[in-house]
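query_8.pdb follows; it contains PDB, C-alpha atoms.
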ATOM      1  CA  MET A   1     -30.990  -2.356  -1.456
ATOM      2  CA  LYS A   2     -27.845  -0.455  -2.405
ATOM      3  CA  GLY A   3     -27.234   0.491   1.226
ATOM      4  CA  ARG A   4     -27.646  -3.141   2.277
ATOM      5  CA  TYR A   5     -25.146  -4.209  -0.420
ATOM      6  CA  LEU A   6     -22.625  -1.602   0.683
ATOM      7  CA  SER A   7     -23.131  -2.631   4.302
ATOM      8  CA  TRP A   8     -22.524  -6.275   3.412
ATOM      9  CA  THR A   9     -19.392  -5.561   1.371
ATOM     10  CA  SER A  10     -17.952  -3.208   3.977
ATOM     11  CA  GLY A  11     -18.644  -5.810   6.653
ATOM     12  CA  PHE A  12     -16.901  -8.454   4.573
ATOM     13  CA  GLY A  13     -13.945  -6.116   4.079
ATOM     14  CA  ARG A  14     -13.700  -5.480   7.802
ATOM     15  CA  ALA A  15     -13.892  -9.211   8.515
ATOM     16  CA  CYS A  16     -11.056  -9.869   6.071
ATOM     17  CA  GLY A  17      -9.046  -7.093   7.671
ATOM     18  CA  VAL A  18      -9.592  -8.576  11.138
ATOM     19  CA  LEU A  19      -8.562 -12.021   9.877
ATOM     20  CA  LEU A  20      -5.450 -10.623   8.218
ATOM     21  CA  ASP A  21      -4.512  -8.697  11.353
ATOM     22  CA  ALA A  22      -4.942 -11.879  13.403
ATOM     23  CA  ILE A  23      -2.682 -13.840  11.045
ATOM     24  CA  VAL A  24      -0.080 -11.083  11.084
ATOM     25  CA  GLY A  25      -0.276 -10.980  14.884
ATOM     26  CA  LEU A  26       0.301 -14.716  15.178
ATOM     27  CA  LEU A  27       3.226 -14.592  12.766
ATOM     28  CA  ALA A  28       4.690 -11.648  14.643
ATOM     29  CA  LEU A  29       4.389 -13.528  17.952
ATOM     30  CA  SER A  30       6.206 -16.482  16.405
ATOM     31  CA  ARG A  31       9.128 -14.117  15.694
ATOM     32  CA  ILE A  32       9.461 -15.560  12.225
ATOM     33  CA  ASN A  33      11.910 -13.639  10.104
ATOM     34  CA  PRO A  34       9.968 -11.617   7.494
ATOM     35  CA  ASN A  35      12.644 -12.511   4.958
ATOM     36  CA  VAL A  36      11.597 -16.153   5.340
ATOM     37  CA  LEU A  37       8.032 -15.192   4.356
ATOM     38  CA  THR A  38       9.395 -13.311   1.354
ATOM     39  CA  LEU A  39      11.397 -16.365   0.333
ATOM     40  CA  MET A  40       8.349 -18.607   0.732
ATOM     41  CA  GLY A  41       6.523 -16.398  -1.741
ATOM     42  CA  LEU A  42       9.302 -17.085  -4.249
ATOM     43  CA  VAL A  43       8.999 -20.836  -3.655
ATOM     44  CA  VAL A  44       5.243 -20.744  -4.257
ATOM     45  CA  ASN A  45       5.646 -18.681  -7.431
ATOM     46  CA  THR A  46       8.310 -21.090  -8.655
ATOM     47  CA  TYR A  47       5.755 -23.890  -8.341
ATOM     48  CA  ALA A  48       3.346 -21.848 -10.473
ATOM     49  CA  ALA A  49       6.138 -21.487 -13.040
ATOM     50  CA  PHE A  50       6.571 -25.272 -12.995
ATOM     51  CA  LEU A  51       2.868 -25.701 -13.722
ATOM     52  CA  PHE A  52       3.162 -23.341 -16.683
ATOM     53  CA  GLY A  53       6.147 -25.231 -18.043
ATOM     54  CA  TYR A  54       4.570 -28.630 -17.438
ATOM     55  CA  ALA A  55       1.431 -27.748 -19.400
ATOM     56  CA  ASN A  56       0.902 -29.113 -22.892
ATOM     57  CA  GLY A  57      -1.808 -29.148 -25.512
ATOM     58  CA  ASP A  58      -3.879 -31.706 -23.621
ATOM     59  CA  ASN A  59      -3.756 -30.265 -20.124
ATOM     60  CA  GLN A  60      -3.003 -26.595 -20.792
ATOM     61  CA  ARG A  61      -6.288 -25.203 -19.517
ATOM     62  CA  ARG A  62      -6.147 -27.228 -16.302
ATOM     63  CA  MET A  63      -2.461 -26.559 -15.566
ATOM     64  CA  PHE A  64      -2.829 -22.853 -16.287
ATOM     65  CA  PHE A  65      -5.859 -22.682 -13.996
ATOM     66  CA  TYR A  66      -3.907 -24.340 -11.190
ATOM     67  CA  ALA A  67      -0.995 -21.979 -11.811
ATOM     68  CA  GLY A  68      -3.342 -18.993 -11.508
ATOM     69  CA  LEU A  69      -4.576 -20.251  -8.142
ATOM     70  CA  VAL A  70      -0.998 -20.765  -6.956
ATOM     71  CA  ILE A  71      -0.068 -17.200  -7.968
ATOM     72  CA  ILE A  72      -3.037 -15.950  -5.937
ATOM     73  CA  GLY A  73      -1.740 -17.983  -2.986
ATOM     74  CA  SER A  74       1.734 -16.500  -3.345
ATOM     75  CA  GLY A  75       0.183 -13.066  -2.965
ATOM     76  CA  PHE A  76      -0.483 -13.894   0.684
ATOM     77  CA  PHE A  77       3.230 -13.809   1.432
ATOM     78  CA  ASP A  78       3.650 -10.507  -0.428
ATOM     79  CA  LEU A  79       0.799  -9.161   1.667
ATOM     80  CA  VAL A  80       2.064 -10.185   5.097
ATOM     81  CA  ASP A  81       5.870 -10.007   5.002
ATOM     82  CA  GLY A  82       6.045  -6.233   5.381
ATOM     83  CA  ARG A  83       3.213  -6.177   7.928
ATOM     84  CA  VAL A  84       4.904  -8.848  10.026
ATOM     85  CA  ALA A  85       8.182  -6.916   9.869
ATOM     86  CA  ARG A  86       6.469  -3.818  11.237
ATOM     87  CA  ALA A  87       4.392  -5.694  13.817
ATOM     88  CA  SER A  88       7.423  -7.541  15.183
ATOM     89  CA  ASN A  89       9.752  -4.545  14.946
ATOM     90  CA  GLN A  90      11.989  -6.317  12.436
ATOM     91  CA  VAL A  91      12.023  -3.632   9.747
ATOM     92  CA  THR A  92      15.508  -3.355   8.254
ATOM     93  CA  ARG A  93      17.066  -1.738   5.212
ATOM     94  CA  PHE A  94      18.246  -5.145   4.067
ATOM     95  CA  GLY A  95      14.690  -6.475   4.324
ATOM     96  CA  GLY A  96      13.474  -3.949   1.775
ATOM     97  CA  PHE A  97      16.404  -4.730  -0.500
ATOM     98  CA  PHE A  98      15.880  -8.485  -0.161
ATOM     99  CA  ASP A  99      12.166  -8.148  -0.879
ATOM    100  CA  SER A 100      12.890  -6.279  -4.114
ATOM    101  CA  ILE A 101      15.437  -8.871  -5.255
ATOM    102  CA  VAL A 102      13.120 -11.800  -4.510
ATOM    103  CA  ASP A 103      10.213 -10.087  -6.264
ATOM    104  CA  ARG A 104      12.298  -9.845  -9.438
ATOM    105  CA  TYR A 105      13.135 -13.549  -9.272
ATOM    106  CA  SER A 106       9.476 -14.384  -8.640
ATOM    107  CA  ASP A 107       8.363 -12.389 -11.664
ATOM    108  CA  ALA A 108      11.073 -13.832 -13.898
ATOM    109  CA  SER A 109      10.256 -17.389 -12.814
ATOM    110  CA  LEU A 110       6.655 -17.047 -14.028
ATOM    111  CA  PHE A 111       7.749 -15.779 -17.417
ATOM    112  CA  LEU A 112      10.375 -18.514 -17.570
ATOM    113  CA  GLY A 113       7.636 -21.094 -17.069
ATOM    114  CA  LEU A 114       5.717 -19.591 -19.979
ATOM    115  CA  LEU A 115       8.864 -19.579 -22.115
ATOM    116  CA  VAL A 116       9.280 -23.296 -21.414
ATOM    117  CA  PHE A 117       5.634 -23.943 -22.263
ATOM    118  CA  TYR A 118       5.762 -22.113 -25.595
ATOM    119  CA  GLY A 119       9.202 -23.520 -26.386
ATOM    120  CA  ARG A 120       8.058 -27.096 -25.845
ATOM    121  CA  GLY A 121       5.155 -26.416 -28.191
ATOM    122  CA  ASN A 122       7.463 -24.962 -30.872
ATOM    123  CA  ARG A 123       5.519 -21.694 -30.814
ATOM    124  CA  PHE A 124       8.363 -19.325 -31.630
ATOM    125  CA  PHE A 125       6.256 -16.171 -31.872
ATOM    126  CA  TYR A 126       4.910 -16.638 -28.351
ATOM    127  CA  VAL A 127       8.385 -17.439 -27.042
ATOM    128  CA  VAL A 128       9.453 -14.016 -28.293
ATOM    129  CA  LEU A 129       6.305 -12.415 -26.855
ATOM    130  CA  ALA A 130       6.886 -13.956 -23.420
ATOM    131  CA  ALA A 131      10.525 -12.860 -23.531
ATOM    132  CA  LEU A 132       9.520  -9.291 -24.412
ATOM    133  CA  ALA A 133       6.991  -9.250 -21.580
ATOM    134  CA  MET A 134       9.628 -10.506 -19.136
ATOM    135  CA  ILE A 135      12.252  -7.974 -20.243
ATOM    136  CA  SER A 136       9.848  -5.037 -20.182
ATOM    137  CA  ALA A 137       8.483  -6.056 -16.774
ATOM    138  CA  ILE A 138      11.971  -6.211 -15.280
ATOM    139  CA  MET A 139      12.874  -2.879 -16.877
ATOM    140  CA  VAL A 140       9.893  -1.214 -15.183
ATOM    141  CA  SER A 141      11.369  -2.059 -11.789
ATOM    142  CA  TYR A 142      14.937  -1.268 -12.854
ATOM    143  CA  ALA A 143      13.933   2.094 -14.299
ATOM    144  CA  ARG A 144      12.310   3.086 -11.020
ATOM    145  CA  ALA A 145      15.244   1.880  -8.901
ATOM    146  CA  ARG A 146      17.796   3.664 -11.072
ATOM    147  CA  ALA A 147      15.729   6.836 -11.266
ATOM    148  CA  GLU A 148      15.202   6.971  -7.521
ATOM    149  CA  SER A 149      18.953   6.764  -6.988
ATOM    150  CA  LEU A 150      19.136  10.068  -8.889
ATOM    151  CA  ILE A 151      15.949  12.015  -8.165
ATOM    152  CA  GLY A 152      14.580  10.526  -4.942
ATOM    153  CA  THR A 153      11.252   9.166  -6.152
ATOM    154  CA  CYS A 154       9.848   7.901  -9.460
ATOM    155  CA  ARG A 155       6.375   6.429  -9.125
ATOM    156  CA  VAL A 156       5.022   7.509 -12.498
ATOM    157  CA  GLY A 157       3.506   4.904 -14.791
ATOM    158  CA  PHE A 158       0.818   2.344 -14.151
ATOM    159  CA  MET A 159       2.193  -1.129 -14.982
ATOM    160  CA  GLU A 160       3.641  -2.040 -11.587
ATOM    161  CA  ARG A 161       4.072  -5.529 -10.159
ATOM    162  CA  PRO A 162       0.496  -5.877  -8.792
ATOM    163  CA  GLU A 163      -0.971  -5.030 -12.196
ATOM    164  CA  ARG A 164       1.317  -7.532 -13.916
ATOM    165  CA  LEU A 165       0.387 -10.276 -11.488
ATOM    166  CA  VAL A 166      -3.321  -9.571 -11.917
ATOM    167  CA  LEU A 167      -2.929  -9.863 -15.687
ATOM    168  CA  LEU A 168      -1.000 -13.130 -15.360
ATOM    169  CA  ILE A 169      -3.671 -14.479 -13.002
ATOM    170  CA  ILE A 170      -6.447 -13.526 -15.445
ATOM    171  CA  GLY A 171      -4.508 -15.025 -18.337
ATOM    172  CA  ALA A 172      -3.967 -18.261 -16.417
ATOM    173  CA  LEU A 173      -7.447 -18.693 -14.931
ATOM    174  CA  PHE A 174      -9.309 -17.911 -18.151
ATOM    175  CA  ASN A 175      -6.742 -19.367 -20.551
ATOM    176  CA  VAL A 176      -6.144 -16.043 -22.302
ATOM    177  CA  MET A 177      -2.430 -15.794 -21.649
ATOM    178  CA  ALA A 178      -1.441 -14.472 -25.072
ATOM    179  CA  PRO A 179      -3.577 -11.276 -24.779
ATOM    180  CA  ALA A 180      -2.335 -10.832 -21.192
ATOM    181  CA  LEU A 181       1.280 -11.010 -22.369
ATOM    182  CA  TRP A 182       0.561  -8.463 -25.097
ATOM    183  CA  VAL A 183      -0.888  -6.041 -22.549
ATOM    184  CA  ILE A 184       2.046  -6.566 -20.171
ATOM    185  CA  ALA A 185       4.635  -6.100 -22.919
ATOM    186  CA  VAL A 186       3.062  -2.970 -24.391
ATOM    187  CA  LEU A 187       2.042  -1.183 -21.190
ATOM    188  CA  SER A 188       5.290  -2.052 -19.415
ATOM    189  CA  THR A 189       7.242  -0.549 -22.316
ATOM    190  CA  ILE A 190       5.090   2.585 -22.149
ATOM    191  CA  THR A 191       5.717   2.782 -18.400
ATOM    192  CA  VAL A 192       9.482   2.526 -18.923
ATOM    193  CA  ILE A 193       9.371   5.294 -21.541
ATOM    194  CA  HIS A 194       7.283   7.433 -19.180
ATOM    195  CA  ARG A 195       9.847   6.971 -16.405
ATOM    196  CA  VAL A 196      12.735   7.785 -18.732
ATOM    197  CA  ILE A 197      11.065  11.038 -19.811
ATOM    198  CA  TYR A 198      10.138  11.938 -16.221
ATOM    199  CA  THR A 199      13.679  11.276 -14.991
ATOM    200  CA  TRP A 200      15.133  13.286 -17.862
ATOM    201  CA  GLN A 201      12.903  16.228 -16.939
ATOM    202  CA  ARG A 202      13.787  16.036 -13.244
ATOM    203  CA  THR A 203      17.529  15.643 -13.799
ATOM    204  CA  THR A 204      17.493  18.529 -16.278
ATOM    205  CA  GLU A 205      15.883  20.732 -13.629
ATOM    206  CA  MET A 206      18.377  19.566 -11.001
ATOM    207  CA  ASP A 207      21.387  20.135 -13.270
ATOM    208  CA  ALA A 208      20.268  23.572 -14.451
ATOM    209  CA  PRO A 209      21.526  25.604 -11.414
ATOM    210  CA  ALA A 210      24.920  23.926 -11.652
ATOM    211  CA  ARG A 211      25.526  25.179 -15.197
ATOM    212  CA  PRO A 212      27.660  28.284 -15.593
ATOM    213  CA  ALA A 213      25.797  31.479 -16.480
TER
END

Will you turn the file into structure tokens for me?
Amino acid sequence: MKGRYLSWTSGFGRACGVLLDAIVGLLALSRINPNVLTLMGLVVNTYAAFLFGYANGDNQRRMFFYAGLVIIGSGFFDLVDGRVARASNQVTRFGGFFDSIVDRYSDASLFLGLLVFYGRGNRFFYVVLAALAMISAIMVSYARARAESLIGTCRVGFMERPERLVLLIIGALFNVMAPALWVIAVLSTITVIHRVIYTWQRTTEMDAPARPA
């Protein structure tokens, strides 16, 4: 029974992979600019942010559920833009830079939608919580970018963008956004601290030979 289950799941995974490869192939043949796909992901996430902000006490569960589905849909563009760039030989340094910038706007837009929702409901504590989650999430990405300009690579920590999006999706679909924001705020802050300590250790090692005896 277990072997049959594993066979079924592996077959499903291969089928999804074939479908994704086919979609990427078609997009590559169309010669669409991968940056356009990245930008479309931002547009879709902005709509999810609108759904968050539009929610109120009467329709909160429904609007949040729709927003969660929209965030899942936006993940498609995050999944294919880099693949299309490689398949169509359109990989550029600017593309990587543009993708990072748009990702930050996408993340911030979702938190902004939650800030609007809590602000309209006069829920000051949750406004502060959403703001803390947004700031800490952005600092995770900034800490890595700044560290890698000094030490080459800084992938330590566990609260990256995929994890944050999964938590926001869970919070939206199951109407448990407050606990999700707590987890994002706390673990993102821990990740930033981890990256600060790691960068301090690496830079100390790098600066040591340059010091006079």

With distances taken over all atoms listed in the file, which of A:Val196, A:Met159, A:Val84, A:Met139 is nearest to Leu29 in chain A?
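Once distances to Leu29 in chain A are computed over all atoms listed in the file, the minimum belongs to A:Val84.
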
Show which residues sit within 8 Å of Ser106 in chain A, as a list in words. Count all atoms listed in the file, and ignore same-chain residues fewer than 3 positions away.
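Within the cut-off, the hits are Gly41, Leu42, Asn45, Thr46, Val102, Asp103, Ser109 and Leu110 of chain A.
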
Residue IDs satisfying the PyMOL selection byres ((chain A and resi 176-189) around 12), as a PyMOL selection string
chain A and resi 52+60-61+64-65+67-68+110-111+114-115+117-118+123+125-143+156-175+190-196

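Distance cut-off 9 Å, centre (6.5, -9.1, 20.3), atoms counted all atoms listed in the file; the residues meeting this are Gly25, Ala28, Leu29, Ser30, Arg31, Ala87, Ser88 and Asn89 of chain A.
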
Pairwise distance for CA of Asp81 in chain A and CA of Arg104 in chain A, rounded to one decimal in Å
15.8 Å

Just the number, please: distance in Å from CA of Leu39 in chain A to CA of Phe94 in chain A, one decimal.
13.7 Å

Gap from CA of Ile32 in chain A to CA of Gly96 in chain A - Å, one decimal
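According to the coordinates, CA of Ile32 in chain A and CA of Gly96 in chain A are separated by 16.1 Å.
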
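When all atoms listed in the file are used to measure the gap to Arg86 in chain A, the shortest distance among A:Ala208, A:Val36, A:Val24, A:Cys154 belongs to A:Val24.
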
For a quick check of understanding, using only C-alpha atoms, which of A:Leu37, A:Ala108, A:Ala55, A:Met63 has the smallest distance to Phe76 in chain A?
A:Leu37

Give me the residues within 8 Å of Arg202 in chain A as a ChimeraX atom specification, counting all atoms listed in the file and dropping any in the same chain fewer than 4 places off.
/A:151,198,206

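Compared by their closest atoms to Leu79 in chain A, and using only C-alpha atoms, the residues A:Pro34, A:Gly57, A:Phe124, A:Leu26 rank with A:Pro34 nearest.
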